[in-house]
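In what follows, a structure is listed as structure tokens, so that the remarks can point back to it.
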Amino acid sequence: MNNNTHKVIPDKIPFYRDVRFLKVFFQILFVIVVILSAGFFYSNMLNGLRRQNLELGLSFLIDSEAGIEISEGIDFDPSETFLKAFWVGVVNTLKVSILGIFCATVIGFFFGIARLSNNWLIRQIASVYIECFRNIPLILQIIFWYAIMLVLPVVQESIRFFDSIFINVRGVYVPSLEGTAGLIPWLWYFLSGIIITIIVVLGLAAFRYFFQFRERHEADRPSFISNIIFGAKWVAAPTFLMATIVGWLLTPEVPFELSRPELQGFNFVGGINFSPEFTALLIGLAVYTSAFIAEVVRSGIQAVVKGQREAARSVGLKESQVLRLVVVPQAIPVIVPPLTSQYLNLAKNSSLAIFIGFPDLFQVGEIMMNQTGQSIPIFAMIMVSYLIMSLTTSAFMNWYNHRITRMGRST
Amino acid sequence: MTENESTTNDPIIICEDVHKWFDDFHVLKGITTTFKKGERAVICGPSGSGKSTFIRTINRLEEHQRGTIIVDGIELSNDLRNINLIRQEVGMVFQQFNLFPHLTNIKNISLGPIQVRKMSKRAAEEAALALLERMDIADQAYKYPAEISGGQQQRVAIARALAMEPKIMLFDEPTSALDPEMISEVLDVMRELAHSGMTMLVVTHEMGFAREVADRVMFFDEGVVIEEAAPADFFDNPQHERTKLFISQTLQH
């Protein structure tokens, strides 16, 4: 071998070929382009606003009376501010999204498992349900449910269940719990119940941890956190119930009473009323999303390999145990990420409320834009609100997923 | 070959004219045989011959469509109670181990005893530890299956099956998915189990194991038992042409 064949090239690279230089250069170039274009659009927008004699700012939110009516949600008077009106919309959106997510999850899991049933009929019913509701545009479904709500019987001829649930053209009436004068004193017992529970759970966790530290093998020793979870599982509920029930007995007046809807004159009084708009939107969102969730659940369960069920059966587990102890724990980590997307879709799709006049965040925002002409800040507020909701949901689901996959550690 | 003293004449599995179809494919074409208590049978044959399917019918992982199978006096029918009873008496070890990845090794083993035999958690885990000790892997108890080697996983799987205190153990190609250097550690455990008097049905290509441990070797081809004999006769004096070919091919390497 001739040593001269291995020439060391001197450290002189022209800058346009130097990877280190190019990396930094293109990043700086990109940032400059972004800033320039943003500046261009921003100044364009300001010019446009000036021509229409509008100013960019949020002061309109609290400067004047809103002067608009909002058909449902937390109490709102036209003399209150736009900010309050916007908040009413936010709360309505949250209400329909959270209830919708809950219902869609329950229905979706049911149909997802049903689609894998050994029973031919159940399987077919689940398939028809999923394929129908998944493949019809959501807006049509919402308008369909709204149309049904509007042809329901009049108030006097309500459809009734057990004399406590009433359905009529004005929506759905269900019983509710109303606080009485005894509520405030009882809340103190309630609060002390929470504090006592926390102390008991932490105490138990510390006690167990101490003994595990002495007695158990290092690898088998659960963390302090898992001891807290153990305590929360076994002693939290009894302690908390004890405290609150004792409080209930000590309070002179019953803190809650059941309020049933009752027909008085031409309308129902008492209970909770879900308007036709709210009900149609809720059913539409829940049913549509449940069809997708059912598919997510089915694919998650099918992702668990056949050998797992066989092994579980071969140790003598019953079918229900096979599902609960072996299949579902392995399916959940597969299900959670796409489930999160479905939750986010549901929350965002709730903006279709505008088509049936349910005063959600988007519809209230739309009215505010008409009243004030401040479309840019209001649009920004709407978008930021949805963004906050979605990111919060995502963060929670990611945390949950991380927790279960760490416990599972499946590879 | 000496007759194993723990083998008695009491039959524990009786199969009569067992047939099985996968759609149009006739996998088992009338298997009639009896396994005695304490017997160690090795089942071999080319792939697709129905040998795995046969042992899977014995704990109803596969349903047979004709004929009768009686395990320890209980007939395998469509009665769910019988199926569950038999599954508690028959342990099974799979080619792919099939350990539960979301549970630690000790929990894999104690799951059955706790859920099916209703043992206390403490007793079940003590028993599980004793089994792991017997498998020589007590130090892996609190790891997850993914964290141990294939040979160790298969020994955990054997322990999981033994935890239910079965009367019969089925092995479905227990060493086929293992790296060569791990095969012997699993075979050692199976050998020890055989000497303890367990009734064992083993589907395997390990002819050395068959020759050493088995009371009987059964040769499957195209859904029928072509030949069965004590290992000495089977390997040294095969009767059937198909068997001769199979033995010469498997012993070549």
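Letters A, B, ... mark the chains of the structure tokens in the order given; residue numbers begin at 1 per chain; ligand numbers begin at 1, in order shown.
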
Can you tell me, as a ChimeraX atom specification, what residues are no more than 12 Å from A:Pro377 when counting only C-alpha atoms, ignoring any on the same chain fewer than 3 positions away? /A:45,49,54-61,365-366,368-369,372-374,380-384

Residues from last step as file, N, CA, C and O atoms, as a PDB file, in the first residue's frame:
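Result saved to result_17.pdb:
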```pdb
ATOM      1  N   MET A  45     -53.837  44.774   5.926  1.00  0.00           N
ATOM      2  CA  MET A  45     -55.049  44.693   6.730  1.00  0.00           C
ATOM      3  C   MET A  45     -55.346  46.027   7.401  1.00  0.00           C
ATOM      4  O   MET A  45     -56.476  46.529   7.374  1.00  0.00           O
ATOM      5  N   LEU A  49     -58.632  48.402   6.989  1.00  0.00           N
ATOM      6  CA  LEU A  49     -59.446  48.824   8.134  1.00  0.00           C
ATOM      7  C   LEU A  49     -59.574  50.347   8.158  1.00  0.00           C
ATOM      8  O   LEU A  49     -60.648  50.890   8.439  1.00  0.00           O
ATOM      9  N   LEU A  54     -62.289  51.699  10.659  1.00  0.00           N
ATOM     10  CA  LEU A  54     -62.334  50.786  11.801  1.00  0.00           C
ATOM     11  C   LEU A  54     -60.964  50.751  12.459  1.00  0.00           C
ATOM     12  O   LEU A  54     -59.942  50.980  11.817  1.00  0.00           O
ATOM     13  N   GLU A  55     -60.981  50.456  13.746  1.00  0.00           N
ATOM     14  CA  GLU A  55     -59.703  50.340  14.436  1.00  0.00           C
ATOM     15  C   GLU A  55     -59.532  48.922  14.941  1.00  0.00           C
ATOM     16  O   GLU A  55     -60.514  48.253  15.275  1.00  0.00           O
ATOM     17  N   LEU A  56     -58.282  48.504  15.010  1.00  0.00           N
ATOM     18  CA  LEU A  56     -58.016  47.164  15.520  1.00  0.00           C
ATOM     19  C   LEU A  56     -57.880  47.272  17.032  1.00  0.00           C
ATOM     20  O   LEU A  56     -57.066  48.031  17.538  1.00  0.00           O
ATOM     21  N   GLY A  57     -58.697  46.528  17.756  1.00  0.00           N
ATOM     22  CA  GLY A  57     -58.583  46.590  19.207  1.00  0.00           C
ATOM     23  C   GLY A  57     -59.703  45.777  19.819  1.00  0.00           C
ATOM     24  O   GLY A  57     -60.608  45.323  19.122  1.00  0.00           O
ATOM     25  N   LEU A  58     -59.605  45.555  21.117  1.00  0.00           N
ATOM     26  CA  LEU A  58     -60.590  44.717  21.783  1.00  0.00           C
ATOM     27  C   LEU A  58     -61.499  45.527  22.694  1.00  0.00           C
ATOM     28  O   LEU A  58     -62.330  44.969  23.406  1.00  0.00           O
ATOM     29  N   SER A  59     -61.360  46.875  22.654  1.00  0.00           N
ATOM     30  CA  SER A  59     -62.119  47.684  23.607  1.00  0.00           C
ATOM     31  C   SER A  59     -63.621  47.568  23.371  1.00  0.00           C
ATOM     32  O   SER A  59     -64.403  47.711  24.311  1.00  0.00           O
ATOM     33  N   PHE A  60     -64.030  47.301  22.124  1.00  0.00           N
ATOM     34  CA  PHE A  60     -65.477  47.190  21.857  1.00  0.00           C
ATOM     35  C   PHE A  60     -66.137  46.118  22.714  1.00  0.00           C
ATOM     36  O   PHE A  60     -67.331  46.135  22.943  1.00  0.00           O
ATOM     37  N   LEU A  61     -65.331  45.178  23.213  1.00  0.00           N
ATOM     38  CA  LEU A  61     -65.886  44.067  23.986  1.00  0.00           C
ATOM     39  C   LEU A  61     -66.547  44.535  25.272  1.00  0.00           C
ATOM     40  O   LEU A  61     -67.512  43.933  25.738  1.00  0.00           O
ATOM     41  N   GLY A 365     -70.383  34.632  17.951  1.00  0.00           N
ATOM     42  CA  GLY A 365     -69.331  35.428  17.328  1.00  0.00           C
ATOM     43  C   GLY A 365     -69.808  36.069  16.031  1.00  0.00           C
ATOM     44  O   GLY A 365     -69.562  37.247  15.749  1.00  0.00           O
ATOM     45  N   GLU A 366     -70.517  35.281  15.254  1.00  0.00           N
ATOM     46  CA  GLU A 366     -71.059  35.751  13.977  1.00  0.00           C
ATOM     47  C   GLU A 366     -72.000  36.945  14.193  1.00  0.00           C
ATOM     48  O   GLU A 366     -71.909  37.959  13.493  1.00  0.00           O
ATOM     49  N   MET A 368     -71.973  38.911  16.769  1.00  0.00           N
ATOM     50  CA  MET A 368     -71.154  40.041  17.231  1.00  0.00           C
ATOM     51  C   MET A 368     -70.474  40.737  16.060  1.00  0.00           C
ATOM     52  O   MET A 368     -70.373  41.970  16.028  1.00  0.00           O
ATOM     53  N   MET A 369     -70.035  39.962  15.069  1.00  0.00           N
ATOM     54  CA  MET A 369     -69.390  40.569  13.899  1.00  0.00           C
ATOM     55  C   MET A 369     -70.381  41.453  13.158  1.00  0.00           C
ATOM     56  O   MET A 369     -70.052  42.560  12.736  1.00  0.00           O
ATOM     57  N   THR A 372     -70.868  44.710  15.306  1.00  0.00           N
ATOM     58  CA  THR A 372     -69.761  45.633  15.530  1.00  0.00           C
ATOM     59  C   THR A 372     -68.908  45.845  14.284  1.00  0.00           C
ATOM     60  O   THR A 372     -68.190  46.841  14.212  1.00  0.00           O
ATOM     61  N   GLY A 373     -68.947  44.933  13.334  1.00  0.00           N
ATOM     62  CA  GLY A 373     -68.063  45.033  12.179  1.00  0.00           C
ATOM     63  C   GLY A 373     -66.618  44.672  12.495  1.00  0.00           C
ATOM     64  O   GLY A 373     -65.755  44.728  11.635  1.00  0.00           O
ATOM     65  N   GLN A 374     -66.357  44.247  13.740  1.00  0.00           N
ATOM     66  CA  GLN A 374     -64.977  43.918  14.128  1.00  0.00           C
ATOM     67  C   GLN A 374     -64.667  42.472  13.774  1.00  0.00           C
ATOM     68  O   GLN A 374     -64.404  41.652  14.661  1.00  0.00           O
ATOM     69  N   ALA A 380     -60.401  36.089  15.335  1.00  0.00           N
ATOM     70  CA  ALA A 380     -59.214  35.628  16.063  1.00  0.00           C
ATOM     71  C   ALA A 380     -59.617  35.026  17.403  1.00  0.00           C
ATOM     72  O   ALA A 380     -59.112  33.968  17.807  1.00  0.00           O
ATOM     73  N   MET A 381     -60.558  35.679  18.086  1.00  0.00           N
ATOM     74  CA  MET A 381     -61.000  35.160  19.391  1.00  0.00           C
ATOM     75  C   MET A 381     -61.633  33.779  19.241  1.00  0.00           C
ATOM     76  O   MET A 381     -61.408  32.878  20.053  1.00  0.00           O
ATOM     77  N   ILE A 382     -62.461  33.632  18.180  1.00  0.00           N
ATOM     78  CA  ILE A 382     -63.113  32.330  17.976  1.00  0.00           C
ATOM     79  C   ILE A 382     -62.058  31.250  17.736  1.00  0.00           C
ATOM     80  O   ILE A 382     -62.078  30.179  18.356  1.00  0.00           O
ATOM     81  N   MET A 383     -61.098  31.600  16.861  1.00  0.00           N
ATOM     82  CA  MET A 383     -60.090  30.588  16.527  1.00  0.00           C
ATOM     83  C   MET A 383     -59.250  30.225  17.748  1.00  0.00           C
ATOM     84  O   MET A 383     -58.978  29.051  18.005  1.00  0.00           O
ATOM     85  N   VAL A 384     -58.871  31.255  18.508  1.00  0.00           N
ATOM     86  CA  VAL A 384     -58.065  30.981  19.701  1.00  0.00           C
ATOM     87  C   VAL A 384     -58.856  30.132  20.693  1.00  0.00           C
ATOM     88  O   VAL A 384     -58.313  29.207  21.310  1.00  0.00           O
TER      89      VAL A 384
END
```

Taking only residues of chain B that have an atom at most 6 Å from an atom of chain A, what is each one's shortest atom pair and its distance in Å to one decimal, using only C-alpha atoms, in chain and number order, as CSV?
```
residue,atom,partner,partner_atom,distance
B:Asn84,CA,A:Gly316,CA,5.9
B:Arg87,CA,A:Gly316,CA,5.0
B:Gln88,CA,A:Gly316,CA,4.9
B:Asn98,CA,A:Gln308,CA,5.6
B:Pro101,CA,A:Ser410,CA,5.1
B:His102,CA,A:Gly408,CA,4.3
B:Gly112,CA,A:Val315,CA,5.7
```

Leaving out B:Val186 and any residue of its chain fewer than 6 positions from it, which residues lie within 9 Å of it when counting only C-alpha atoms, given as a PyMOL selection string? chain B and resi 135+151-152+154-155+174-175

Give the answer as one residue: which of A:Val174, A:Leu183, A:Ile167, A:Ile70 has the shortest atom-to-atom distance to A:Gly247, using only C-alpha atoms?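 That would be A:Leu183, the residue with the smallest distance to A:Gly247.
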
Nearby residues (only C-alpha atoms) at most 12 Å from B:Phe54, same-chain spacing under 3 positions excluded, as a PyMOL selection string: chain B and resi 15+17-21+27-33+43-45+48-51+57-64+69+170-172+201-203+218+220-225

As a PyMOL selection string, list the residues of stretch 23-164 of chain B assigned to alpha helix (DSSP H) by DSSP on the backbone atoms of this structure. chain B and resi 51-58+80-89+105-115+121-134+150-162

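Each of A:Phe25, A:Phe190, A:Tyr146, A:Phe102 was compared to A:Leu346 using only C-alpha atoms, and A:Phe102 turns out to be the nearest.
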
Identify, with DSSP run on backbone atoms, the residues in stretch 141-340 of chain A assigned to strand (DSSP E), and express the list as a list in words. Ile159, Arg160, Phe161, Ile165, Phe166, Ile167, Asn168, Gly171, Val172, Tyr173, Val174, Ser176, Leu177, Glu178, Gly179, Phe256, Glu257, Leu258, Ser259, Glu262, Leu263, Gln264, Asn267, Phe268, Val269, Ile272, Asn273 and Phe274 of chain A

Save the residues we just selected, C-alpha atoms, as a PDB file, in the first residue's frame?
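What follows is the written file out05.pdb:
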```
ATOM      1  CA  ILE A 159     -94.194  12.187  25.088  1.00  0.00           C
ATOM      2  CA  ARG A 160     -93.558  11.223  28.708  1.00  0.00           C
ATOM      3  CA  PHE A 161     -91.449   8.640  30.516  1.00  0.00           C
ATOM      4  CA  ILE A 165     -88.930  12.977  31.358  1.00  0.00           C
ATOM      5  CA  PHE A 166     -90.955  14.914  28.823  1.00  0.00           C
ATOM      6  CA  ILE A 167     -90.260  15.377  25.131  1.00  0.00           C
ATOM      7  CA  ASN A 168     -92.140  17.906  23.054  1.00  0.00           C
ATOM      8  CA  GLY A 171     -87.232  20.187  23.544  1.00  0.00           C
ATOM      9  CA  VAL A 172     -86.473  17.658  26.252  1.00  0.00           C
ATOM     10  CA  TYR A 173     -87.255  18.151  29.947  1.00  0.00           C
ATOM     11  CA  VAL A 174     -85.464  16.034  32.545  1.00  0.00           C
ATOM     12  CA  SER A 176     -82.574  18.018  38.043  1.00  0.00           C
ATOM     13  CA  LEU A 177     -81.125  18.562  41.496  1.00  0.00           C
ATOM     14  CA  GLU A 178     -81.706  22.019  42.901  1.00  0.00           C
ATOM     15  CA  GLY A 179     -79.738  23.407  45.841  1.00  0.00           C
ATOM     16  CA  PHE A 256     -80.580  19.184  47.458  1.00  0.00           C
ATOM     17  CA  GLU A 257     -84.032  18.413  46.275  1.00  0.00           C
ATOM     18  CA  LEU A 258     -85.149  16.719  43.113  1.00  0.00           C
ATOM     19  CA  SER A 259     -86.835  19.146  40.798  1.00  0.00           C
ATOM     20  CA  GLU A 262     -94.213  19.977  35.810  1.00  0.00           C
ATOM     21  CA  LEU A 263     -96.756  21.334  33.395  1.00  0.00           C
ATOM     22  CA  GLN A 264     -97.962  24.725  34.561  1.00  0.00           C
ATOM     23  CA  ASN A 267     -95.132  25.355  29.711  1.00  0.00           C
ATOM     24  CA  PHE A 268     -93.061  23.150  31.973  1.00  0.00           C
ATOM     25  CA  VAL A 269     -91.531  24.508  35.164  1.00  0.00           C
ATOM     26  CA  ILE A 272     -83.599  21.018  33.112  1.00  0.00           C
ATOM     27  CA  ASN A 273     -84.684  21.874  29.603  1.00  0.00           C
ATOM     28  CA  PHE A 274     -82.616  20.973  26.561  1.00  0.00           C
TER      29      PHE A 274
END
```
